[in-house]
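Enquirer: Structure file protein-v1.pdb (PDB, C-alpha atoms and all ligand atoms) right here:
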```pdb
ATOM      1  CA  MET A   1     102.882 139.312 132.157
ATOM      2  CA  GLN A   2      99.310 139.609 133.396
ATOM      3  CA  PHE A   3      97.926 139.498 136.904
ATOM      4  CA  CYS A   4      94.548 138.601 138.306
ATOM      5  CA  THR A   5      92.341 141.640 138.926
ATOM      6  CA  GLN A   6      90.876 139.997 142.026
ATOM      7  CA  CYS A   7      93.846 138.454 143.862
ATOM      8  CA  ASP A   8      96.933 139.744 142.000
ATOM      9  CA  SER A   9      98.224 136.209 141.255
ATOM     10  CA  LYS A  10     100.266 135.684 138.147
ATOM     11  CA  LEU A  11      97.978 134.433 135.352
ATOM     12  CA  VAL A  12      98.737 131.181 133.548
ATOM     13  CA  LYS A  13      98.093 130.327 129.928
ATOM     14  CA  SER A  14      95.375 127.788 129.164
ATOM     15  CA  ARG A  15      93.619 126.755 125.984
ATOM     16  CA  ASN A  16      90.822 129.106 127.075
ATOM     17  CA  GLY A  17      93.108 132.101 127.483
ATOM     18  CA  GLN A  18      94.763 133.548 130.614
ATOM     19  CA  LYS A  19      93.500 132.115 133.892
ATOM     20  CA  CYS A  20      94.186 132.740 137.547
ATOM     21  CA  PRO A  21      95.509 129.627 139.303
ATOM     22  CA  LYS A  22      93.604 130.602 142.453
ATOM     23  CA  CYS A  23      90.298 132.081 141.275
ATOM     24  CA  ASP A  24      89.908 129.832 138.204
ATOM     25  CA  LYS A  25      91.228 126.694 139.894
ATOM     26  CA  GLY A  26      88.157 124.550 139.173
ATOM     27  CA  GLU A  27      88.056 125.563 135.528
ATOM     28  CA  LEU A  28      91.780 124.851 135.062
ATOM     29  CA  GLU A  29      91.371 121.407 136.612
ATOM     30  CA  GLN A  30      88.511 120.656 134.225
ATOM     31  CA  LEU A  31      90.676 121.695 131.279
ATOM     32  CA  GLU A  32      93.486 119.441 132.491
ATOM     33  CA  ILE A  33      91.131 116.440 132.776
ATOM     34  CA  GLN A  34      89.798 117.127 129.291
ATOM     35  CA  LYS A  35      93.332 117.335 127.908
ATOM     36  CA  ASN A  36      94.345 114.024 129.528
ATOM     37  CA  ASN A  37      91.251 112.287 128.185
ATOM     38  CA  GLU A  38      92.030 113.479 124.682
ATOM     39  CA  LYS A  39      95.587 112.255 125.042
ATOM     40  CA  LYS A  40      94.386 108.841 126.240
ATOM     41  CA  ALA A  41      92.011 108.567 123.291
ATOM     42  CA  SER A  42      94.859 109.227 120.857
ATOM     43  CA  ILE A  43      96.966 106.363 122.251
ATOM     44  CA  ILE A  44      96.686 103.323 120.021
ATOM     45  CA  SER A  45      95.325 100.194 121.650
ATOM     46  CA  SER A  46      93.780  96.950 120.411
ATOM     47  CA  GLU A  47      90.392  98.698 120.342
ATOM     48  CA  ASN A  48      91.424 101.480 117.985
ATOM     49  CA  PHE A  49      94.235  99.671 116.146
ATOM     50  CA  PRO A  50      94.441 101.371 112.753
ATOM     51  CA  PHE A  51      95.129  98.278 110.620
ATOM     52  CA  GLU A  52      92.886  95.476 109.454
ATOM     53  CA  LYS A  53      93.711  91.813 109.669
ATOM     54  CA  GLY A  54      94.446  90.343 106.245
ATOM     55  CA  SER A  55      95.047  93.719 104.581
ATOM     56  CA  TYR A  56      98.368  94.858 103.110
ATOM     57  CA  TYR A  57     100.257  98.008 104.026
ATOM     58  CA  VAL A  58     103.402  99.935 103.157
ATOM     59  CA  GLN A  59     105.918  99.158 105.887
ATOM     60  CA  LYS A  60     107.014 102.777 106.192
ATOM     61  CA  ASP A  61     103.441 103.923 106.837
ATOM     62  CA  VAL A  62     102.891 101.271 109.483
ATOM     63  CA  ARG A  63     106.120 102.243 111.245
ATOM     64  CA  LYS A  64     105.148 105.901 111.261
ATOM     65  CA  LYS A  65     101.621 105.335 112.523
ATOM     66  CA  LEU A  66     102.658 102.900 115.257
ATOM     67  CA  ASN A  67     105.698 104.917 116.329
ATOM     68  CA  CYS A  68     108.217 102.198 115.428
ATOM     69  CA  GLY A  69     111.894 102.590 114.628
ATOM     70  CA  ILE A  70     113.015 102.840 111.000
ATOM     71  CA  MET A  71     114.669  99.426 110.744
ATOM     72  CA  SER A  72     114.026  97.241 113.754
ATOM     73  CA  GLY A  73     112.100  93.988 113.288
ATOM     74  CA  ILE A  74     110.865  93.999 116.870
ATOM     75  CA  ASN A  75     109.449  97.287 118.122
ATOM     76  CA  TYR A  76     108.022  98.238 121.490
ATOM     77  CA  ASN A  77     105.450 101.021 121.693
ATOM     78  CA  GLN A  78     105.704 102.321 125.236
ATOM     79  CA  GLU A  79     102.615 104.553 125.235
ATOM     80  CA  GLY A  80     100.317 101.815 124.007
ATOM     81  CA  ASN A  81     102.304  99.045 125.729
ATOM     82  CA  PHE A  82     102.388  96.746 122.697
ATOM     83  CA  ILE A  83     104.979  95.120 120.435
ATOM     84  CA  VAL A  84     105.044  95.398 116.642
ATOM     85  CA  ILE A  85     106.928  92.777 114.631
ATOM     86  CA  PHE A  86     107.872  92.949 110.977
ATOM     87  CA  MET A  87     108.760  89.721 109.217
ATOM     88  CA  ASN A  88     110.420  90.243 105.869
ATOM     89  CA  ALA A  89     110.520  87.892 102.883
ATOM     90  CA  HIS A  90     113.865  86.317 102.067
ATOM     91  CA  GLU A  91     115.794  86.506  98.888
ATOM     92  CA  LEU A  92     117.008  82.958  98.558
ATOM     93  CA  ASN A  93     120.728  82.589  97.787
ATOM     94  CA  LYS A  94     121.384  86.042  99.133
ATOM     95  CA  GLN A  95     121.571  85.202 102.762
ATOM     96  CA  GLU A  96     124.383  87.610 103.504
ATOM     97  CA  THR A  97     122.000  90.520 102.949
ATOM     98  CA  ASN A  98     119.456  89.109 105.363
ATOM     99  CA  PRO A  99     120.948  87.121 108.217
ATOM    100  CA  TYR A 100     117.616  86.504 109.942
ATOM    101  CA  LEU A 101     116.192  83.129 108.983
ATOM    102  CA  ASP A 102     112.579  83.861 109.855
ATOM    103  CA  ARG A 103     110.042  81.357 108.632
ATOM    104  CA  TYR A 104     106.520  80.070 108.943
ATOM    105  CA  ASP A 105     106.134  76.393 109.827
ATOM    106  CA  SER A 106     102.862  75.310 108.199
ATOM    107  CA  GLU A 107     102.895  71.997 110.070
ATOM    108  CA  THR A 108     102.865  73.540 113.529
ATOM    109  CA  GLY A 109     101.240  76.825 112.497
ATOM    110  CA  LEU A 110     104.043  78.735 114.213
ATOM    111  CA  TYR A 111     106.165  81.613 113.039
ATOM    112  CA  HIS A 112     109.842  81.203 113.874
ATOM    113  CA  TYR A 113     111.039  84.728 114.447
ATOM    114  CA  THR A 114     114.720  85.420 115.097
ATOM    115  CA  GLY A 115     115.593  87.864 117.887
ATOM    116  CA  LYS A 116     117.467  91.142 117.541
ATOM    117  CA  GLY A 117     121.237  91.202 117.067
ATOM    118  CA  LEU A 118     123.139  90.885 113.799
ATOM    119  CA  LYS A 119     126.553  89.990 115.115
ATOM    120  CA  GLY A 120     127.789  87.459 117.642
ATOM    121  CA  ASP A 121     125.640  85.535 120.115
ATOM    122  CA  GLN A 122     122.275  87.115 120.785
ATOM    123  CA  THR A 123     121.245  87.983 124.327
ATOM    124  CA  LEU A 124     117.863  88.189 126.024
ATOM    125  CA  THR A 125     118.060  91.927 126.549
ATOM    126  CA  GLY A 126     116.232  94.967 125.193
ATOM    127  CA  VAL A 127     113.377  94.109 122.825
ATOM    128  CA  ASN A 128     114.346  90.416 122.969
ATOM    129  CA  ALA A 129     113.678  90.450 126.713
ATOM    130  CA  ARG A 130     110.481  92.427 126.224
ATOM    131  CA  LEU A 131     109.228  89.864 123.710
ATOM    132  CA  ALA A 132     110.316  86.938 125.894
ATOM    133  CA  SER A 133     108.261  88.231 128.837
ATOM    134  CA  SER A 134     105.298  89.434 126.746
ATOM    135  CA  THR A 135     103.039  86.603 127.894
ATOM    136  CA  VAL A 136     103.700  87.256 131.570
ATOM    137  CA  ASP A 137     103.447  91.019 131.125
ATOM    138  CA  GLY A 138     100.249  90.787 129.058
ATOM    139  CA  ILE A 139     101.689  92.770 126.156
ATOM    140  CA  ASP A 140      99.918  92.537 122.795
ATOM    141  CA  ILE A 141     102.091  91.520 119.821
ATOM    142  CA  HIS A 142     101.009  92.819 116.425
ATOM    143  CA  PHE A 143     102.488  90.887 113.513
ATOM    144  CA  PHE A 144     103.146  92.172 109.986
ATOM    145  CA  ARG A 145     104.370  89.761 107.333
ATOM    146  CA  GLN A 146     105.875  90.411 103.922
ATOM    147  CA  HIS A 147     105.216  87.448 101.620
ATOM    148  CA  ASN A 148     107.419  88.453  98.685
ATOM    149  CA  VAL A 149     110.555  90.554  98.472
ATOM    150  CA  GLY A 150     109.625  94.164  97.784
ATOM    151  CA  SER A 151     105.900  93.735  98.408
ATOM    152  CA  ASN A 152     103.710  95.286 101.098
ATOM    153  CA  HIS A 153     103.252  93.750 104.539
ATOM    154  CA  GLU A 154     100.140  91.842 105.503
ATOM    155  CA  TYR A 155      98.761  92.621 108.934
ATOM    156  CA  VAL A 156      98.463  89.073 110.287
ATOM    157  CA  GLY A 157      96.886  90.299 113.521
ATOM    158  CA  LEU A 158      97.822  89.458 117.078
ATOM    159  CA  VAL A 159     100.215  86.623 117.827
ATOM    160  CA  LYS A 160     101.110  84.950 121.097
ATOM    161  CA  LEU A 161     104.537  83.793 122.162
ATOM    162  CA  GLU A 162     104.426  80.060 122.616
ATOM    163  CA  LYS A 163     108.069  79.251 123.204
ATOM    164  CA  VAL A 164     111.575  80.666 123.020
ATOM    165  CA  ILE A 165     114.273  78.352 121.696
ATOM    166  CA  GLN A 166     117.965  78.754 121.028
ATOM    167  CA  ASN A 167     119.435  77.893 117.690
ATOM    168  CA  LEU A 168     122.559  78.360 115.607
ATOM    169  CA  GLN A 169     122.454  80.697 112.628
ATOM    170  CA  PRO A 170     125.132  82.383 110.547
ATOM    171  CA  ASP A 171     125.591  86.064 111.401
ATOM    172  CA  GLU A 172     126.031  88.895 108.869
ATOM    173  CA  HIS A 173     129.575  87.702 108.160
ATOM    174  CA  GLY A 174     128.514  84.077 107.759
ATOM    175  CA  LYS A 175     129.928  83.104 111.130
ATOM    176  CA  SER A 176     127.846  80.664 113.178
ATOM    177  CA  ARG A 177     126.388  82.163 116.350
ATOM    178  CA  LYS A 178     123.650  81.549 118.926
ATOM    179  CA  VAL A 179     120.283  83.152 118.276
ATOM    180  CA  TYR A 180     116.934  83.207 119.993
ATOM    181  CA  GLU A 181     113.969  82.000 118.002
ATOM    182  CA  PHE A 182     110.579  83.195 119.143
ATOM    183  CA  LEU A 183     107.791  80.783 118.251
ATOM    184  CA  LEU A 184     104.682  82.838 117.638
ATOM    185  CA  ARG A 185     101.151  81.604 117.079
ATOM    186  CA  PRO A 186      98.485  83.753 115.444
ATOM    187  CA  VAL A 187      95.567  84.522 117.761
ATOM    188  CA  GLU A 188      92.311  83.414 116.121
TER     189      GLU A 188
HETATM  190 ZN    ZN A 201      92.751 135.458 141.158
END
```
Can I see the file as structure tokens?
Expert:
Amino acid sequence: MQFCTQCDSKLVKSRNGQKCPKCDKGELEQLEIQKNNEKKASIISSENFPFEKGSYYVQKDVRKKLNCGIMSGINYNQEGNFIVIFMNAHELNKQETNPYLDRYDSETGLYHYTGKGLKGDQTLTGVNARLASSTVDGIDIHFFRQHNVGSNHEYVGLVKLEKVIQNLQPDEHGKSRKVYEFLLRPVE
């Protein structure tokens, strides 16, 4: 442990070496401001979003870069205060392996995205609630869409929640249950 030669205070570690919290106060504050600014700059926002609209990406890489979970379709990034959605392609006839009936309605131009919850009736809690209140809360929703099974995801860009509806869909055991469908419109 080191002490200040001028005031005998215990020295603290900084990125510029050992400093005295009393004598080097101004310098330590400057370092703290600098550190916070760097941290802010590293937080992903719409301005520095690392993916390009219309380009295709490996889902795993997107998840890692945007701090998403490994599996979840709807992801909330707390630091950047945005939502990331992955829509996967369906293998027709194999519905039991993918109980979410997500689809794009070309007539209305809306994505129908099923909420989270594989079993039983879905509830408006967790990420479902976050998505449902995204318009009020001003949270950006970034949308990634897989067009074919096994292929990379297209970054569709930002979408806006237009409506939440309830529907009946079979769950992972084929049993009918209530789900929430989020109707999402791409932002031009
Ligand atoms: Zn000192």
Enquirer: Would you mind listing the residues within 6 Å of ligand ZN 201 (chain A), counting all atoms listed in the file, as a list in words?
Expert: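 Final answer, ordered by chain and number: Cys4, Gln6, Cys7, Ser9, Cys20, Lys22 and Cys23 of chain A.
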Enquirer: Please report as a Markdown table every residue of segment 40-104 of chain A lying within 6 Å of segment 137-156 of chain A, along with the nearest atom pair and their distance in Å (one decimal), using only C-alpha atoms.
Expert:
```
| residue | atom | partner | partner_atom | distance |
| --- | --- | --- | --- | --- |
| A:Lys53 | CA | A:Tyr155 | CA | 5.2 |
| A:Gly54 | CA | A:Tyr155 | CA | 5.6 |
| A:Ser55 | CA | A:Glu154 | CA | 5.5 |
| A:Tyr56 | CA | A:Glu154 | CA | 4.2 |
| A:Tyr57 | CA | A:His153 | CA | 5.2 |
| A:Val58 | CA | A:Asn152 | CA | 5.1 |
| A:Phe82 | CA | A:Asp140 | CA | 4.9 |
| A:Ile83 | CA | A:Ile141 | CA | 4.7 |
| A:Val84 | CA | A:His142 | CA | 4.8 |
| A:Ile85 | CA | A:Phe143 | CA | 5.0 |
| A:Phe86 | CA | A:Phe144 | CA | 4.9 |
| A:Met87 | CA | A:Arg145 | CA | 4.8 |
| A:Asn88 | CA | A:Gln146 | CA | 4.9 |
| A:Ala89 | CA | A:Val149 | CA | 5.2 |
```
Enquirer: Would you give the centre and edge lengths, in Å to one decimal, of a box along x, y and z around the listed atoms of segment 112-118 of chain A, with 8 Å added to each side, as AutoDock Vina command-line options?
Expert:
```
--center_x 116.5 --center_y 86.2 --center_z 115.8 --size_x 29.3 --size_y 26.0 --size_z 20.1
```
Enquirer: Go through A:Ser134, A:Gln169, A:Asn128, A:Asn37 and flag the residue nearest Lys116 of chain A, using all atoms listed in the file for the distances.
Expert: A:Asn128
Enquirer: Looking at A:Leu168, A:Thr125, A:Ile43, A:Phe51, which one is nearest to Asn67 of chain A, with distances taken over all atoms listed in the file?
Expert: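 For Asn67 of chain A, the nearest of the candidates is A:Ile43.
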Enquirer: Need the shell around Arg177 of chain A: protein/DNA/RNA residues with any atom at most 10 Å away, counting only C-alpha atoms. Skip same-chain ones fewer than 3 positions apart. Format as a ChimeraX atom specification?
Expert: /A:118-122,167-171,174
Enquirer: Could you jot down the atom CA of Asp105 of chain A to atom CA of Pro186 of chain A separation for me, Å, one decimal place?
Expert: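 If I compute the distance from atom CA of Asp105 of chain A to atom CA of Pro186 of chain A, I get 12.0 Å.
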Enquirer: Return as a list in words the set of residues that the PyMOL selection byres (((chain A and resi 159) around 6) and not hetatm) yields on the displayed structure.
Expert: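 Selection result, ordered by chain and number: Ile141, Leu158, Lys160, Leu184, Arg185, Pro186 and Val187 of chain A.
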Enquirer: Can you work out the spacing between atom CA of Thr108 of chain A and atom CA of Arg130 of chain A in Å, to one decimal?
Expert: 24.0 Å
Enquirer: For the structure shown, which residues end up in the PyMOL selection byres (((chain A and resi 181) around 6) and not hetatm)? Put them as a list in words, please?
Expert: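 Checking the PyMOL selection byres (((chain A and resi 181) around 6) and not hetatm) against this file, the residues are His112, Tyr113, Thr114, Val164, Ile165, Gln166, Tyr180 and Phe182 of chain A.
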Enquirer: Considering only C-alpha atoms, can you say which of A:Gln34, A:Gly80, A:Lys25, A:Tyr104 comes closest to Cys68 of chain A?
Expert: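 Distance minimum relative to Cys68 of chain A lands on A:Gly80.
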Enquirer: Just to confirm, what's the straight-line distance from atom CA of Arg103 of chain A to atom CA of His90 of chain A in Å (one decimal)?
Expert: 9.1 Å
Enquirer: Pick out the residues sitting within 9 Å of Ala132 of chain A, and hand them over as number ranges by chain; count all atoms listed in the file, and ignore anything fewer than 3 positions along from it in its own chain.
Expert: A: 124, 127-129, 135-136, 161, 163-164, 182
Enquirer: When the PyMOL selection byres (((chain A and resi 13) around 12) and not hetatm) is applied to the structure above, which residues does it catch, written out as a ChimeraX atom specification?
Expert: /A:1-3,10-12,14-21,24,28,31
Enquirer: Generate N, CA and C atoms for segment 172-183 of chain A and emit them as a tab-separated table (two decimals), in the coordinates of the input.
Expert:
```
chain	number	residue	atom	x	y	z
A	172	GLU	N	125.91	88.13	110.12
A	172	GLU	CA	126.03	88.90	108.87
A	172	GLU	C	127.35	88.63	108.14
A	173	HIS	N	128.32	88.04	108.84
A	173	HIS	CA	129.57	87.70	108.16
A	173	HIS	C	129.67	86.20	107.88
A	174	GLY	N	128.55	85.50	108.06
A	174	GLY	CA	128.51	84.08	107.76
A	174	GLY	C	129.06	83.20	108.87
A	175	LYS	N	129.37	83.84	110.01
A	175	LYS	CA	129.93	83.10	111.13
A	175	LYS	C	128.80	82.56	112.00
A	176	SER	N	128.90	81.27	112.38
A	176	SER	CA	127.85	80.66	113.18
A	176	SER	C	127.78	81.31	114.57
A	177	ARG	N	126.56	81.57	115.02
A	177	ARG	CA	126.39	82.16	116.35
A	177	ARG	C	125.05	81.72	116.92
A	178	LYS	N	124.88	81.92	118.24
A	178	LYS	CA	123.65	81.55	118.93
A	178	LYS	C	122.58	82.63	118.73
A	179	VAL	N	121.40	82.20	118.38
A	179	VAL	CA	120.28	83.15	118.28
A	179	VAL	C	119.09	82.65	119.09
A	180	TYR	N	118.20	83.58	119.38
A	180	TYR	CA	116.93	83.21	119.99
A	180	TYR	C	115.88	83.15	118.91
A	181	GLU	N	115.10	82.08	118.92
A	181	GLU	CA	113.97	82.00	118.00
A	181	GLU	C	112.69	82.07	118.82
A	182	PHE	N	111.86	83.02	118.46
A	182	PHE	CA	110.58	83.20	119.14
A	182	PHE	C	109.50	82.49	118.33
A	183	LEU	N	108.84	81.51	118.95
A	183	LEU	CA	107.79	80.78	118.25
A	183	LEU	C	106.45	81.46	118.54
```
